[in-house]
Structures are given as structure tokens and as C-alpha cells.
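The next block holds one structure in the form of C-alpha cells; read it before the comments.
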Amino acid sequence: MKLAVCIYEGPYNHEASDTAYNFLQSAIKKGHEIKGIFFYHDGVYNVTKLMEPPQDDRHIANRWSALGATGIDIVVCIAAAKRRGIVDDVLVPNVRISGLGQLTMMAIEADRLVVFGD
Amino acid sequence: MAEEIKKIMFTVRKPPHGSIYVYEGLEVKLIMAAYDADISVVFMDDGVFAVKQGQDTKALGIKGFAATYGALVDYEISQVYVDRKSMEDRGMTEDDLLVIGEDEDTEEPIKPQVIDSDEIAAMMAEQHNILAF
């Protein structure tokens, strides 16, 4: 199945980002095709390299970056990002800033768009 | 390219103020309406407050976005529905709903259509994808 994922919540404060990540890992293992991952609302905070969690905790931004390195398209909404001070300079590698048109294409092209939020 | 037009539904379940979900959700609707997709919007649960007329956000110190709903039809979003039970549970009637545009020919005001939960469920079953805000 072709899947796309949209994440609404920021890191650590909510579980949405972790759940989405675990969902994606399982989906990939089962052989599903991932059409893209889209960060919206406070979700844009998930991929800033400025975060520095304690060393014995998971590094959420690096985790997303590693997933992006496998070739999965990870997109941060530009409108949501601008509002929250997230710009290209603070992003981890392998993610990109783009518009809601990207979410639209994911919603059209994927068999299932799975939203993770509160 | 004979691809079928995909049906995409937006559900609005959260209240319009107190968080940004509904406002940013509106921005998504306006963008998606410009693409080749069959867009519908359903207001339910506390989301029905978003289409209540006479909202005044001045005291909150925020701009408010209810006026944009008045242009939904202009943005070619005309399949706009309100869950009857959610509306009635909150003491609202159809008269409380804001206008989302006007009929091109008759210039009659258009309001969201109030429908029952089973009709919403039937529509949901037909969707390609659903986005909740």
C-alpha cells in the first residue's frame, strides 16, 4: 500500500511524533511504500537541529533525518514553519521546507494518509 | 491523463479558538481546493463553533478567521456540512450558522448543510482520504 504520514504535534511534549515514527518503521518493514512525511502545526519543531535532548534519550530530529537519508521525502510546511521560526538554516539534513501543495499531492497519491496528532 | 478525481474530506472537531488547529486547518482547505480534488468539509463535535456566526475575537487579541469561511464558496469549497447532533447538543440551531457564500444566479446566501451522523458516516466511507483538524 502507498502510505503518507502527516504529523501535527511537536517533539517530546506529545507522543504523536514517536507513534508516527514507530508506525513508519513497521510499515516499511512490511514492505509498504512511503509517499512522504509532512510536518504541520507544531510538528515543524520535530526536525530542528537546535534540539539537544539528554544523551540517554532518543534524539527525535536525528531519527527523522536518518529516515530521510533512506530516500523518504520529508517535508516541513513553510507557512507553519515561518510562524514558528523554523527556517532552512535550523533544519537537520534530509528534510526540506515546502508548501501545502506537497501535502495535497501526498493526500491524492497515497492510498492512506495517516495523521498523527492529539 | 484520465485519473479519477480523488475525494478528500476535512473534519473539524476542535473548537475554533484556544488552539491553532482549526485556523491552520482552514489554510490547508484553501490550498487543496486549488488542486484537482473533490473537497468536502464536515464540522462536528466542538468544531461546530467554528461556523457559528457573530464570533468576536477582539478580546482574545487575535485576528480571527470566521470571515474567511464566508468565502468558502468563492474558493470552490461548496460541500460544507454540519453534524446535526453536535450542533443541537451545543444549543445551536441552523439560524446560528454563518454564511459561506452566495448562489451565483440567485445571490441567495449559502449556509453549511446540516446533516445527520449516518449521512456523514456514508460520506466518510466514500473518501479517498480524510484529514482531521
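The chains in the C-alpha cells are called A, B, ... from first to last as shown; in each chain the residues are counted from 1, and the ligands are counted from 1 in the order shown.
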
Practice item. Report as a PyMOL selection string the set of chain A residues whose atoms approach chain B to within 12 Å, with distances computed over only C-alpha atoms. Key: chain A and resi 3-9+40-43+77-81+83+99-118

Could those residues be written to a file, using C-alpha atoms, as a PDB file, in the first residue's frame?
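Saved result, selection-v1.pdb, follows:
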ATOM      1  CA  LEU A   3       1.177   5.475   2.632  1.00  0.00           C
ATOM      2  CA  ALA A   4       1.735   9.102   3.582  1.00  0.00           C
ATOM      3  CA  VAL A   5       2.047  10.451   7.095  1.00  0.00           C
ATOM      4  CA  CYS A   6       1.209  13.873   8.497  1.00  0.00           C
ATOM      5  CA  ILE A   7       2.374  14.876  11.975  1.00  0.00           C
ATOM      6  CA  TYR A   8       0.677  17.694  13.891  1.00  0.00           C
ATOM      7  CA  GLU A   9       2.499  17.761  17.238  1.00  0.00           C
ATOM      8  CA  TYR A  40       2.307  20.609  10.120  1.00  0.00           C
ATOM      9  CA  HIS A  41       1.220  22.767  13.071  1.00  0.00           C
ATOM     10  CA  ASP A  42       3.814  22.403  15.920  1.00  0.00           C
ATOM     11  CA  GLY A  43       5.033  19.298  14.091  1.00  0.00           C
ATOM     12  CA  CYS A  77       5.174  23.141   5.861  1.00  0.00           C
ATOM     13  CA  ILE A  78       6.557  26.571   5.043  1.00  0.00           C
ATOM     14  CA  ALA A  79       3.573  28.510   6.405  1.00  0.00           C
ATOM     15  CA  ALA A  80       3.591  26.636   9.710  1.00  0.00           C
ATOM     16  CA  ALA A  81       7.402  26.869   9.890  1.00  0.00           C
ATOM     17  CA  ARG A  83       5.057  31.256  12.011  1.00  0.00           C
ATOM     18  CA  GLY A  99       4.206  24.211   0.719  1.00  0.00           C
ATOM     19  CA  LEU A 100       0.857  22.640   1.457  1.00  0.00           C
ATOM     20  CA  GLY A 101       0.720  21.585  -2.186  1.00  0.00           C
ATOM     21  CA  GLN A 102       3.076  18.776  -1.155  1.00  0.00           C
ATOM     22  CA  LEU A 103       0.568  17.574   1.446  1.00  0.00           C
ATOM     23  CA  THR A 104      -2.112  17.767  -1.226  1.00  0.00           C
ATOM     24  CA  MET A 105      -0.098  15.564  -3.566  1.00  0.00           C
ATOM     25  CA  MET A 106       0.508  13.078  -0.737  1.00  0.00           C
ATOM     26  CA  ALA A 107      -3.235  13.023   0.039  1.00  0.00           C
ATOM     27  CA  ILE A 108      -4.013  12.382  -3.621  1.00  0.00           C
ATOM     28  CA  GLU A 109      -1.252   9.883  -4.394  1.00  0.00           C
ATOM     29  CA  ALA A 110      -1.240   7.807  -1.219  1.00  0.00           C
ATOM     30  CA  ASP A 111      -3.825   5.096  -0.638  1.00  0.00           C
ATOM     31  CA  ARG A 112      -3.893   6.166   3.001  1.00  0.00           C
ATOM     32  CA  LEU A 113      -2.859   9.459   4.547  1.00  0.00           C
ATOM     33  CA  VAL A 114      -2.335   8.744   8.236  1.00  0.00           C
ATOM     34  CA  VAL A 115      -2.494  11.736  10.566  1.00  0.00           C
ATOM     35  CA  PHE A 116      -0.779  11.709  13.954  1.00  0.00           C
ATOM     36  CA  GLY A 117      -1.951  14.368  16.391  1.00  0.00           C
ATOM     37  CA  ASP A 118      -3.848  14.872  19.603  1.00  0.00           C
TER      38      ASP A 118
END

Check your understanding: Got a sec: who's within 9 Å of A:Asn94, counting only C-alpha atoms, leaving out chain neighbours fewer than 3 positions off, as a ChimeraX atom specification?
Key -> /A:64-74,91

Exercise for review: Do a neighbour search on stretch 75-92 of chain B at 10 Å with only C-alpha atoms, toss out local chain neighbours closer than 2 positions, and write the hits as a ChimeraX atom specification.
Suggested key: /B:9-13,29-34,38-49,51-52,68-73,94-97,100-101,110-120

Practice item. Enter the distance from atom CA of A:Gly85 to atom CA of B:Ile62, in Å, rounded to one decimal. Key: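 It comes out at 18.8 Å.
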
Exercise for review: Run DSSP on the backbone of this structure and report the residues of stretch 28-90 of chain B it assigns to alpha helix (DSSP H), as a ChimeraX atom specification.
Suggested key: /B:28-32,66-69,84-89

Study note, to complete from the structure: From atom CA of B:Thr93 to atom CA of B:Ala59 the spacing works out at 25.0 Å

Practice item. Using DSSP on the backbone coordinates, identify the residues of stretch 84-115 of chain A assigned to strand (DSSP E); present them as number ranges by chain. Key: A: 96-98, 112-115
